[in-house]
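To be precise, the following lines are start-v4.txt, and they hold compact mmCIF, C-alpha atoms.
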```
# COMPACT_ATOMS: atom_id res chain seq x y z
CA MET V 12 36.38 47.07 -39.56
CA PRO V 13 33.87 47.59 -36.82
CA PHE V 14 34.58 44.40 -34.87
CA MET V 15 38.32 44.06 -35.10
CA GLU V 16 40.04 44.50 -31.81
CA LYS V 17 42.90 46.87 -31.36
CA GLU V 18 45.47 44.19 -30.62
CA LEU V 19 44.59 42.13 -33.68
CA LYS V 20 44.58 45.28 -35.77
CA ALA V 21 48.16 45.97 -34.73
CA VAL V 22 49.19 42.45 -35.81
CA VAL V 23 47.42 42.78 -39.14
CA GLU V 24 48.98 46.18 -39.82
CA ASP V 25 52.43 44.85 -38.96
CA ILE V 26 52.12 41.85 -41.31
CA LYS V 27 50.70 44.04 -44.05
CA LYS V 28 53.58 46.46 -43.73
CA ARG V 29 56.36 43.87 -43.59
CA PHE V 30 55.09 41.27 -46.08
CA GLY V 31 52.75 43.24 -48.33
CA ALA V 32 49.68 41.13 -47.51
CA ARG V 33 46.09 42.14 -48.12
CA GLU V 34 43.38 41.74 -45.54
CA THR V 35 39.76 40.63 -45.74
CA GLU V 36 37.10 40.38 -43.11
CA PHE V 37 33.97 38.30 -43.02
CA ARG V 38 31.65 38.64 -40.02
CA GLY V 39 34.46 39.65 -37.73
CA GLN V 40 36.86 36.93 -38.88
CA VAL V 41 40.02 38.50 -40.20
CA SER V 42 42.16 36.88 -42.88
CA LEU V 43 45.30 37.93 -44.65
CA ILE V 44 45.90 37.14 -48.31
CA SER V 45 49.46 36.77 -49.49
CA GLU V 46 51.76 34.95 -51.90
CA PRO V 47 52.70 31.31 -51.23
CA GLU V 48 56.43 32.11 -51.16
CA LYS V 49 55.88 34.11 -47.98
CA LEU V 50 54.05 31.35 -46.11
CA VAL V 51 56.91 30.25 -43.90
CA THR V 52 58.19 33.75 -43.10
CA ILE V 53 54.71 35.04 -42.23
CA ALA V 54 54.04 32.00 -40.05
CA GLN V 55 57.43 32.41 -38.37
CA SER V 56 56.66 36.05 -37.66
CA LEU V 57 53.18 35.26 -36.33
CA ARG V 58 54.59 32.61 -34.01
CA ASP V 59 57.67 34.47 -32.76
CA ASP V 60 56.67 38.14 -32.86
CA HIS V 61 52.93 37.97 -32.23
CA ASN V 62 52.43 34.98 -29.92
CA PHE V 63 50.32 32.85 -32.26
CA GLU V 64 51.30 29.59 -30.57
CA MET V 65 48.95 27.32 -32.41
CA LEU V 66 48.30 26.36 -36.00
CA ALA V 67 44.62 25.48 -35.62
CA ASP V 68 44.04 24.37 -39.19
CA LEU V 69 45.81 24.00 -42.48
CA THR V 70 43.58 23.16 -45.40
CA ALA V 71 42.88 24.05 -49.01
CA VAL V 72 40.07 24.95 -51.43
CA ASP V 73 39.91 23.94 -55.08
CA TYR V 74 38.43 26.59 -57.41
CA TRP V 75 38.55 24.42 -60.54
CA PRO V 76 37.85 25.03 -63.50
CA GLU V 77 39.74 28.22 -62.75
CA GLN V 78 43.34 27.35 -63.63
CA THR V 79 45.33 30.34 -62.48
CA LYS V 80 45.16 30.45 -58.72
CA ARG V 81 43.31 27.17 -58.78
CA PHE V 82 44.01 26.18 -55.18
CA HIS V 83 43.85 28.37 -52.13
CA LEU V 84 45.86 27.24 -49.14
CA VAL V 85 44.08 28.27 -45.94
CA CYS V 86 45.80 28.48 -42.55
CA GLN V 87 44.18 29.37 -39.27
CA PHE V 88 46.32 30.61 -36.39
CA ASN V 89 45.32 30.85 -32.74
CA SER V 90 46.90 32.85 -29.98
CA TYR V 91 45.88 31.61 -26.55
CA SER V 92 47.97 34.10 -24.61
CA ARG V 93 46.46 37.09 -26.43
CA LYS V 94 43.04 35.55 -27.23
CA MET V 95 43.20 36.13 -30.98
CA ARG V 96 42.51 34.29 -34.18
CA LEU V 97 43.90 35.08 -37.59
CA GLY V 98 43.46 33.44 -40.98
CA LEU V 99 45.96 33.31 -43.81
CA ARG V 100 45.01 32.54 -47.38
CA LEU V 101 47.53 31.80 -50.12
CA PRO V 102 46.32 31.43 -53.72
CA LEU V 103 48.45 28.84 -55.55
CA ASP V 104 49.09 28.76 -59.27
CA GLY V 105 48.59 25.81 -61.60
CA ASN V 106 47.60 22.17 -61.46
CA ARG V 107 50.53 20.80 -59.47
CA PRO V 108 51.41 23.54 -57.01
CA THR V 109 54.38 23.44 -54.66
CA VAL V 110 54.72 25.32 -51.38
CA ASP V 111 57.37 25.37 -48.68
CA SER V 112 56.52 23.15 -45.75
CA LEU V 113 55.24 24.71 -42.53
CA SER V 114 56.26 21.72 -40.43
CA GLY V 115 59.51 23.39 -39.39
CA VAL V 116 57.57 26.22 -37.77
CA TYR V 117 54.51 24.37 -36.52
CA PRO V 118 55.20 20.62 -36.07
CA ASN V 119 51.50 19.75 -36.29
CA ALA V 120 51.50 20.92 -39.90
CA ASN V 121 53.15 17.59 -40.72
CA TRP V 122 49.96 15.54 -40.91
CA HIS V 123 47.90 18.42 -42.33
CA GLU V 124 50.35 18.69 -45.19
CA ARG V 125 50.24 14.96 -45.79
CA GLU V 126 46.47 15.21 -45.99
CA LEU V 127 46.69 18.10 -48.43
CA TRP V 128 49.07 16.09 -50.60
CA ASP V 129 46.76 13.10 -50.40
CA MET V 130 43.51 14.92 -51.11
CA PHE V 131 44.55 17.86 -53.33
CA GLY V 132 48.00 16.96 -54.67
CA ILE V 133 49.68 20.06 -53.25
CA ARG V 134 53.39 19.34 -52.78
CA PHE V 135 55.24 20.65 -49.74
CA GLU V 136 58.96 21.23 -50.20
CA GLY V 137 61.05 20.26 -47.20
CA HIS V 138 58.38 18.06 -45.62
CA PRO V 139 60.08 15.23 -43.69
CA ASP V 140 57.74 12.45 -44.82
CA LEU V 141 55.29 13.39 -47.55
CA ARG V 142 53.21 10.21 -47.99
CA ARG V 143 49.50 9.63 -48.36
CA ILE V 144 47.75 9.69 -45.00
CA LEU V 145 44.11 8.76 -45.65
CA MET V 146 43.97 6.87 -48.93
CA PRO V 147 45.73 3.53 -49.57
CA HIS V 148 49.36 4.12 -50.51
CA ASP V 149 48.90 2.83 -54.08
CA TRP V 150 45.92 5.06 -54.79
CA GLU V 151 45.96 7.12 -57.98
CA GLY V 152 44.68 10.68 -58.09
CA HIS V 153 43.68 13.17 -55.43
CA PRO V 154 40.02 12.68 -54.46
CA LEU V 155 39.09 16.16 -53.20
CA ARG V 156 40.05 17.83 -56.46
CA LYS V 157 37.00 19.15 -58.27
CA ASP V 158 37.92 17.33 -61.48
CA TYR V 159 38.10 13.96 -59.69
CA PRO V 160 35.18 11.67 -60.66
CA LEU V 161 32.37 11.87 -58.13
CA GLY V 162 31.26 8.23 -57.97
CA TYR V 163 33.75 5.48 -58.48
CA GLU V 164 31.42 2.71 -59.57
CA GLU V 165 28.35 2.69 -61.78
CA VAL V 166 25.04 2.20 -60.00
CA GLN V 167 23.28 -1.10 -60.66
CA PHE V 168 19.65 -0.85 -61.71
CA THR V 169 17.38 -3.60 -62.97
CA PHE V 170 17.90 -2.59 -66.61
CA ASN V 171 21.72 -2.67 -66.48
CA TYR V 172 22.23 -5.21 -63.69
CA ASP V 173 23.80 -7.98 -65.80
CA GLU V 174 26.02 -5.62 -67.73
CA ILE V 175 27.54 -4.15 -64.57
CA ASP V 176 27.61 -7.48 -62.74
CA LEU V 177 30.18 -8.75 -65.26
CA ARG V 178 32.62 -6.02 -64.25
CA LYS V 179 32.01 -6.17 -60.52
CA PRO V 180 34.89 -7.61 -58.46
CA LYS V 181 34.12 -10.97 -56.86
CA PRO V 182 35.64 -12.50 -53.72
CA LYS V 183 37.70 -15.66 -53.90
CA GLU V 184 36.94 -18.45 -51.47
CA MET Y 17 5.42 -34.48 -20.38
CA GLY Y 18 7.93 -33.77 -23.10
CA ILE Y 19 10.73 -35.48 -24.89
CA GLU Y 20 10.99 -38.14 -22.17
CA GLN Y 21 7.71 -39.69 -23.31
CA LYS Y 22 8.70 -39.67 -26.95
CA LEU Y 23 11.99 -41.38 -26.19
CA GLY Y 24 10.30 -44.50 -24.92
CA SER Y 25 11.93 -46.96 -22.58
CA MET Y 26 15.11 -47.31 -24.64
CA GLY Y 27 16.15 -43.70 -24.39
CA VAL Y 28 16.94 -43.59 -28.09
CA VAL Y 29 15.65 -41.40 -30.85
CA THR Y 30 16.53 -41.79 -34.50
CA HIS Y 31 17.24 -38.79 -36.68
CA ARG Y 32 19.23 -37.78 -39.74
CA LEU Y 33 22.71 -36.68 -38.72
CA GLU Y 34 22.68 -33.90 -41.33
CA ASP Y 35 19.57 -32.33 -39.82
CA LEU Y 36 20.93 -32.70 -36.32
CA VAL Y 37 24.23 -31.02 -37.19
CA ASN Y 38 22.49 -28.20 -39.02
CA TRP Y 39 20.12 -27.77 -36.11
CA GLY Y 40 23.11 -27.53 -33.81
CA ARG Y 41 24.78 -24.99 -36.06
CA THR Y 42 21.75 -22.72 -36.11
CA ARG Y 43 21.31 -22.95 -32.35
CA ALA Y 44 24.80 -21.81 -31.44
CA MET Y 45 25.86 -19.40 -34.11
CA TRP Y 46 28.10 -16.88 -32.45
CA PRO Y 47 28.34 -13.61 -34.32
CA MET Y 48 31.53 -11.62 -34.57
CA LEU Y 49 31.55 -8.03 -33.37
CA PHE Y 50 31.93 -6.12 -36.57
CA GLY Y 51 30.16 -2.81 -36.06
CA LEU Y 52 31.46 -0.19 -38.46
CA ALA Y 53 28.85 2.57 -38.45
CA CYS Y 54 25.30 3.41 -37.39
CA CYS Y 55 24.11 -0.13 -38.20
CA ALA Y 56 26.16 -1.24 -35.21
CA ILE Y 57 23.77 0.66 -32.94
CA GLU Y 58 20.86 -1.38 -34.28
CA MET Y 59 22.95 -4.52 -33.93
CA MET Y 60 23.53 -3.66 -30.26
CA ALA Y 61 19.81 -3.00 -29.87
CA SER Y 62 19.02 -6.43 -31.27
CA GLN Y 63 21.38 -7.92 -28.70
CA ALA Y 64 19.87 -5.96 -25.81
CA SER Y 65 16.90 -6.97 -23.72
CA ASP Y 66 14.03 -5.81 -25.94
CA TYR Y 67 14.91 -7.94 -28.94
CA ASP Y 68 17.40 -10.27 -27.30
CA MET Y 69 19.17 -12.30 -29.95
CA SER Y 70 20.29 -14.76 -27.27
CA ARG Y 71 16.90 -16.39 -27.79
CA PHE Y 72 18.49 -17.84 -30.92
CA GLY Y 73 21.72 -18.96 -29.32
CA MET Y 74 23.57 -15.77 -30.19
CA GLU Y 75 24.14 -14.34 -26.76
CA LEU Y 76 27.85 -13.97 -27.31
CA MET Y 77 29.27 -11.38 -29.63
CA ARG Y 78 32.81 -12.62 -30.04
CA PRO Y 79 35.56 -10.06 -30.41
CA SER Y 80 37.82 -12.77 -31.80
CA PRO Y 81 37.22 -14.19 -35.29
CA ARG Y 82 38.55 -17.56 -34.14
CA GLN Y 83 35.54 -18.06 -31.86
CA SER Y 84 32.82 -16.88 -34.21
CA ASP Y 85 30.71 -18.49 -36.91
CA LEU Y 86 28.82 -15.53 -38.30
CA MET Y 87 30.11 -12.17 -39.43
CA ILE Y 88 27.52 -9.41 -39.34
CA VAL Y 89 29.04 -6.61 -41.38
CA ALA Y 90 27.17 -3.71 -39.80
CA GLY Y 91 27.98 -0.51 -41.62
CA ARG Y 92 29.98 0.93 -44.47
CA VAL Y 93 33.29 -0.65 -45.34
CA THR Y 94 35.99 1.73 -46.48
CA ARG Y 95 38.62 0.82 -49.03
CA LYS Y 96 41.18 0.68 -46.27
CA MET Y 97 38.96 -1.50 -44.07
CA ALA Y 98 38.35 -4.06 -46.83
CA PRO Y 99 41.66 -5.96 -46.37
CA VAL Y 100 41.00 -6.09 -42.63
CA LEU Y 101 37.51 -7.45 -43.22
CA ARG Y 102 38.85 -10.12 -45.55
CA ARG Y 103 41.60 -11.07 -43.12
CA LEU Y 104 39.15 -11.45 -40.25
CA TYR Y 105 36.91 -13.53 -42.49
CA ASP Y 106 39.84 -15.78 -43.37
CA GLN Y 107 40.62 -16.23 -39.68
CA MET Y 108 37.14 -17.50 -38.87
CA PRO Y 109 36.91 -21.30 -38.66
CA ALA Y 110 34.62 -23.02 -41.16
CA PRO Y 111 31.67 -23.34 -41.35
CA LYS Y 112 31.20 -19.58 -41.50
CA TRP Y 113 28.55 -17.23 -42.78
CA VAL Y 114 28.30 -13.54 -43.58
CA VAL Y 115 25.32 -11.23 -43.20
CA ALA Y 116 25.61 -7.87 -44.97
CA MET Y 117 23.59 -5.64 -42.67
CA GLY Y 118 22.18 -2.45 -44.14
CA ASP Y 119 22.42 -0.72 -47.50
CA CYS Y 120 26.05 0.34 -47.19
CA ALA Y 121 27.34 -3.16 -46.57
CA SER Y 122 25.04 -4.57 -49.27
CA CYS Y 123 25.73 -2.18 -52.13
CA GLY Y 124 27.49 0.94 -50.90
CA GLY Y 125 24.24 2.72 -50.07
CA VAL Y 126 24.37 6.46 -50.59
CA PHE Y 127 28.16 6.46 -50.46
CA ASN Y 128 29.09 5.96 -54.09
CA ASN Y 129 32.50 7.57 -53.79
CA TYR Y 130 36.22 6.94 -53.67
CA ALA Y 131 36.31 5.87 -50.04
CA ILE Y 132 33.63 3.18 -49.70
CA VAL Y 133 33.55 -0.38 -51.05
CA GLN Y 134 30.39 -0.82 -53.14
CA GLY Y 135 29.08 -3.83 -51.23
CA VAL Y 136 31.07 -6.27 -49.11
CA ASP Y 137 30.25 -8.99 -51.64
CA GLU Y 138 33.24 -7.63 -53.53
CA VAL Y 139 35.45 -8.83 -50.66
CA VAL Y 140 33.74 -11.76 -48.92
CA PRO Y 141 30.95 -14.14 -50.00
CA VAL Y 142 27.68 -12.91 -48.50
CA ASP Y 143 24.85 -15.24 -47.48
CA VAL Y 144 22.09 -12.82 -46.52
CA TYR Y 145 21.59 -9.15 -47.35
CA VAL Y 146 19.49 -7.08 -44.97
CA ALA Y 147 18.01 -3.93 -46.46
CA GLY Y 148 17.46 -0.75 -44.47
CA CYS Y 149 19.31 2.38 -43.49
CA PRO Y 150 19.83 1.25 -40.82
CA PRO Y 151 17.61 -1.86 -40.60
CA ARG Y 152 15.55 -2.14 -37.44
CA PRO Y 153 16.40 -5.01 -35.07
CA GLU Y 154 13.37 -6.91 -36.40
CA ALA Y 155 14.88 -6.75 -39.87
CA LEU Y 156 18.25 -7.98 -38.67
CA ILE Y 157 16.64 -10.83 -36.75
CA HIS Y 158 14.59 -11.67 -39.83
CA GLY Y 159 17.81 -11.78 -41.81
CA ILE Y 160 19.36 -14.12 -39.29
CA MET Y 161 16.25 -16.34 -39.32
CA THR Y 162 16.56 -16.45 -43.11
CA LEU Y 163 20.18 -17.51 -42.70
CA HIS Y 164 19.08 -20.21 -40.25
CA GLU Y 165 16.64 -21.55 -42.85
CA LYS Y 166 19.45 -21.58 -45.35
CA VAL Y 167 21.76 -23.43 -42.97
CA LYS Y 168 19.09 -26.01 -42.16
CA ALA Y 169 18.86 -26.87 -45.85
CA GLU Y 170 22.60 -27.35 -46.24
CA LYS Y 171 24.01 -30.71 -47.31
CA PHE Y 172 27.18 -32.35 -46.05
CA THR Y 173 28.26 -32.91 -49.61
CA ASP Y 174 28.24 -29.15 -50.22
CA TRP Y 175 30.76 -28.61 -47.44
CA GLY Y 176 32.94 -31.43 -48.65
```
Mind turning this structure into C-alpha cells?
Amino acid sequence: MPFMEKELKAVVEDIKKRFGARETEFRGQVSLISEPEKLVTIAQSLRDDHNFEMLADLTAVDYWPEQTKRFHLVCQFNSYSRKMRLGLRLPLDGNRPTVDSLSGVYPNANWHERELWDMFGIRFEGHPDLRRILMPHDWEGHPLRKDYPLGYEEVQFTFNYDEIDLRKPKPKE
Amino acid sequence: MGIEQKLGSMGVVTHRLEDLVNWGRTRAMWPMLFGLACCAIEMMASQASDYDMSRFGMELMRPSPRQSDLMIVAGRVTRKMAPVLRRLYDQMPAPKWVVAMGDCASCGGVFNNYAIVQGVDEVVPVDVYVAGCPPRPEALIHGIMTLHEKVKAEKFTDWG
C-alpha cells in the first residue's frame, strides 16, 4: 500500500482486527470487504470511533448471472475532520437479499435505501419507510437489475408499423 | 395605401367567418411553457431575438395552462411526468393543439427504457411532430407553420 496514509491505515487495521474485514485498494482508494450482518456495527464504529461523520454514498452493483453473492452493497464514508475516505463493500447472497438498515446510524441512508429497494430490490430491515422513491408506486420489478428487460416497448419500423400500432396505448379525448 | 382603399366608402369587407376565426386563432396562439429537456433550449432560442416566434403572435410563453392554446412538448417525458402532462393538457381551454418537439417527445428517441414514455401520443393527441435531436429553431418554426396551415383548414363542424 504505497499511497495509504498512516491515519487511514490505523483505521483499516482496527476494523480488520475487530470485525474480520478484508481490505482492497485500487489506485489509492481503500475499501473494506465484509459480511452484510456487520454493516451496522462497522458503520457505527466508523462514525463513533473514527470520526467518519458522513455517509457519502450508499449504492449497489448487480453481478447477475452470478447467483451467490449476486449483489454487492457499496458504502462510501467521508471524514471531514480527519480528511479521509473509506469504502465498504458487502457481498449479498441470493435474489432477494435483506440487510439491516443504516438509517439509524446515518439518517441520510434513508433515501439511499429507498432507491436501492426501488432499483435493485434489496430489502432493508428496520427502515422507517421503505417505499419506492423513483419509479411510480405501482411499478413491478426493479429496473437496475441485470435481468430486467432493457427496452420496454418494441421499436416501430416500416415493416412492423401496423402490427405494433395495434398494441400502442392511445390517448382519450 | 392599404386596406383602407380596399374597404371602399362603406368601411365593410365581406369574408367567411370560418376563415376569419381560423386566421385569428393562428395569429394569437400562445404556447405553454413545457420544456422538459435539451429541446427546451432550442425552444428558448426560437423565442429569442434571432428567430423570434413573436412574429407569429407567439410572444408569450404562458406558464399557466389556462391561458395557453398550444402545448409544445419539448423533451423526453418520463413515466412519472406523463400524468402531469395529461393533467395540464386537460386544463387548457379548447381549442388546443399539441406539438411534439424532437425525437423523444415523438417516439421516445434513443431512450427506449423503463423510465421514458415512448412518444407523447400515448398520453395526449398530437397535431404536429417535429423531428430532430434537438430540432433547430427553424425546424420548430416550420412545425408551427405546419400547424397553422392545419388550423386554417379546420371546419366549425369538426369542433362541434
Which residues, protein or nucleic acid, reach to within 12 Å of (23.3, -0.5, -45.5) in the file's coordinates when using only C-alpha atoms, and can you give that as a ChimeraX atom specification? /Y:51-56,58,88-93,115-127,132-136,145-152,155-156
Residue list for chain Y near chain V as a PDB file with C-alpha atoms, keeping the file's coordinate frame, 7 Å, all atoms listed in the file:
```
ATOM      1  CA  LYS Y  96      41.180   0.680 -46.270  1.00  0.00           C
ATOM      2  CA  ASN Y 128      29.090   5.960 -54.090  1.00  0.00           C
ATOM      3  CA  ASN Y 129      32.500   7.570 -53.790  1.00  0.00           C
ATOM      4  CA  TYR Y 130      36.220   6.940 -53.670  1.00  0.00           C
ATOM      5  CA  ASP Y 137      30.250  -8.990 -51.640  1.00  0.00           C
ATOM      6  CA  GLU Y 138      33.240  -7.630 -53.530  1.00  0.00           C
ATOM      7  CA  VAL Y 139      35.450  -8.830 -50.660  1.00  0.00           C
ATOM      8  CA  VAL Y 140      33.740 -11.760 -48.920  1.00  0.00           C
ATOM      9  CA  PRO Y 141      30.950 -14.140 -50.000  1.00  0.00           C
TER      10      PRO Y 141
END
```
In Å, rounded to a single decimal, give me how far CA of Asp66 (chain Y) is from CA of Met48 (chain Y). 20.4 Å
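Distance-wise, CA of Trp75 (chain V) and CA of Pro139 (chain V) end up 28.8 Å apart.
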Atomic distance CA of Ser92 (chain V) - CA of Phe63 (chain V), expressed in Å with one decimal: 8.1 Å
Take every atom of region 138-156 of chain V listed in the file, pad by 6 Å on each side, and give me the axis-aligned box centre and edge lengths in Å, one decimal, as JSON.
```
{"center_x": 49.6, "center_y": 10.4, "center_z": -50.9, "size_x": 33.0, "size_y": 27.2, "size_z": 26.4}
```
Quick one: of Y:Arg103, Y:Ile160, Y:Pro153, Y:Ala169, who's nearest to Asp68 (chain Y), counting only C-alpha atoms? Y:Pro153
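The list of residues with at least one atom within 7 Å of region 98-107 of chain V, based on all atoms listed in the file and without residues fewer than 6 positions apart in the same chain, reads Val41, Ser42, Leu43, Ile44, Ser45, Glu46, Pro47, Gln78, Thr79, Lys80, Arg81, Phe82, His83, Leu84, Val85, Cys86, Gln87, Phe88, Gly132 and Ile133 of chain V.
You can rank V:Phe131, V:Val72, V:Met95, V:Ser114 by their closest distance to Lys17 (chain V) using all atoms listed in the file, and at the top of that list sits V:Met95.
Of the listed residues V:Asp73, V:Gly115, V:Val23, V:Val110, the one whose atoms come nearest to Arg96 (chain V) is V:Val23, with distances taken using all atoms listed in the file.
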Just the residues within 12 Å of Arg78 (chain Y), please, counting all atoms listed in the file, with nothing from its chain fewer than 4 positions along; format it as a list in words. Met45, Trp46, Pro47, Met48, Leu49, Phe50, Gly51, Met74, Arg82, Gln83, Ser84, Asp85, Leu86, Met87, Ile88 and Met108 of chain Y
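Taking all atoms listed in the file into account, Arg43 (chain Y) lies nearest to Y:Met161 out of the set Y:Pro81, Y:Ser62, Y:Met161, Y:Phe172.
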Applying 8 Å and only C-alpha atoms, which residues near Asn62 (chain V) remain after dropping the ones on its own chain fewer than 5 positions away? List them as a PDB file with C-alpha atoms, in the coordinates of the input.
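So out.pdb came out as:
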```
ATOM      1  CA  LEU V  57      53.180  35.260 -36.330  1.00  0.00           C
ATOM      2  CA  SER V  90      46.900  32.850 -29.980  1.00  0.00           C
ATOM      3  CA  SER V  92      47.970  34.100 -24.610  1.00  0.00           C
ATOM      4  CA  ARG V  93      46.460  37.090 -26.430  1.00  0.00           C
TER       5      ARG V  93
END
```
Working from the structure I just supplied, which lacks atoms in region 43-62 of chain Y, can you model N, CA and C atoms there and output them as a short mmCIF file (atom, residue, chain, number, x, y, z; two decimals), in the frame of the given file?
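Heads up, here's the output in selection35.cif:
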```
data_model
loop_
_atom_site.label_atom_id
_atom_site.label_comp_id
_atom_site.auth_asym_id
_atom_site.auth_seq_id
_atom_site.Cartn_x
_atom_site.Cartn_y
_atom_site.Cartn_z
N ARG Y 43 21.64 -23.27 -33.75
CA ARG Y 43 21.31 -22.95 -32.35
C ARG Y 43 22.49 -22.39 -31.57
N ALA Y 44 23.67 -22.42 -32.13
CA ALA Y 44 24.80 -21.81 -31.44
C ALA Y 44 25.68 -21.12 -32.47
N MET Y 45 25.13 -20.11 -33.07
CA MET Y 45 25.86 -19.40 -34.11
C MET Y 45 26.35 -18.08 -33.53
N TRP Y 46 27.61 -18.08 -33.12
CA TRP Y 46 28.10 -16.88 -32.45
C TRP Y 46 28.54 -15.84 -33.45
N PRO Y 47 27.95 -14.64 -33.37
CA PRO Y 47 28.34 -13.61 -34.32
C PRO Y 47 29.63 -12.89 -33.89
N MET Y 48 30.35 -12.40 -34.89
CA MET Y 48 31.53 -11.62 -34.57
C MET Y 48 31.16 -10.15 -34.48
N LEU Y 49 31.76 -9.47 -33.51
CA LEU Y 49 31.55 -8.03 -33.37
C LEU Y 49 32.17 -7.35 -34.58
N PHE Y 50 31.35 -6.85 -35.46
CA PHE Y 50 31.93 -6.12 -36.57
C PHE Y 50 31.06 -4.90 -36.87
N GLY Y 51 30.93 -4.03 -35.89
CA GLY Y 51 30.16 -2.81 -36.06
C GLY Y 51 31.03 -1.73 -36.65
N LEU Y 52 30.63 -1.18 -37.79
CA LEU Y 52 31.46 -0.19 -38.46
C LEU Y 52 30.82 1.19 -38.48
N ALA Y 53 29.51 1.26 -38.36
CA ALA Y 53 28.85 2.57 -38.45
C ALA Y 53 27.54 2.51 -37.69
N CYS Y 54 26.55 3.29 -38.12
CA CYS Y 54 25.30 3.41 -37.39
C CYS Y 54 24.55 2.09 -37.31
N CYS Y 55 24.75 1.18 -38.26
CA CYS Y 55 24.11 -0.13 -38.20
C CYS Y 55 24.51 -0.87 -36.92
N ALA Y 56 25.70 -0.58 -36.43
CA ALA Y 56 26.16 -1.24 -35.21
C ALA Y 56 25.26 -0.92 -34.03
N ILE Y 57 24.66 0.28 -34.03
CA ILE Y 57 23.77 0.66 -32.94
C ILE Y 57 22.54 -0.24 -32.95
N GLU Y 58 22.02 -0.49 -34.17
CA GLU Y 58 20.86 -1.38 -34.28
C GLU Y 58 21.25 -2.81 -33.93
N MET Y 59 22.48 -3.18 -34.27
CA MET Y 59 22.95 -4.52 -33.93
C MET Y 59 23.02 -4.68 -32.41
N MET Y 60 23.50 -3.62 -31.73
CA MET Y 60 23.53 -3.66 -30.26
C MET Y 60 22.11 -3.74 -29.71
N ALA Y 61 21.19 -2.98 -30.34
CA ALA Y 61 19.81 -3.00 -29.87
C ALA Y 61 19.22 -4.39 -30.03
N SER Y 62 19.59 -5.08 -31.11
CA SER Y 62 19.02 -6.43 -31.27
C SER Y 62 19.65 -7.42 -30.29
#
```
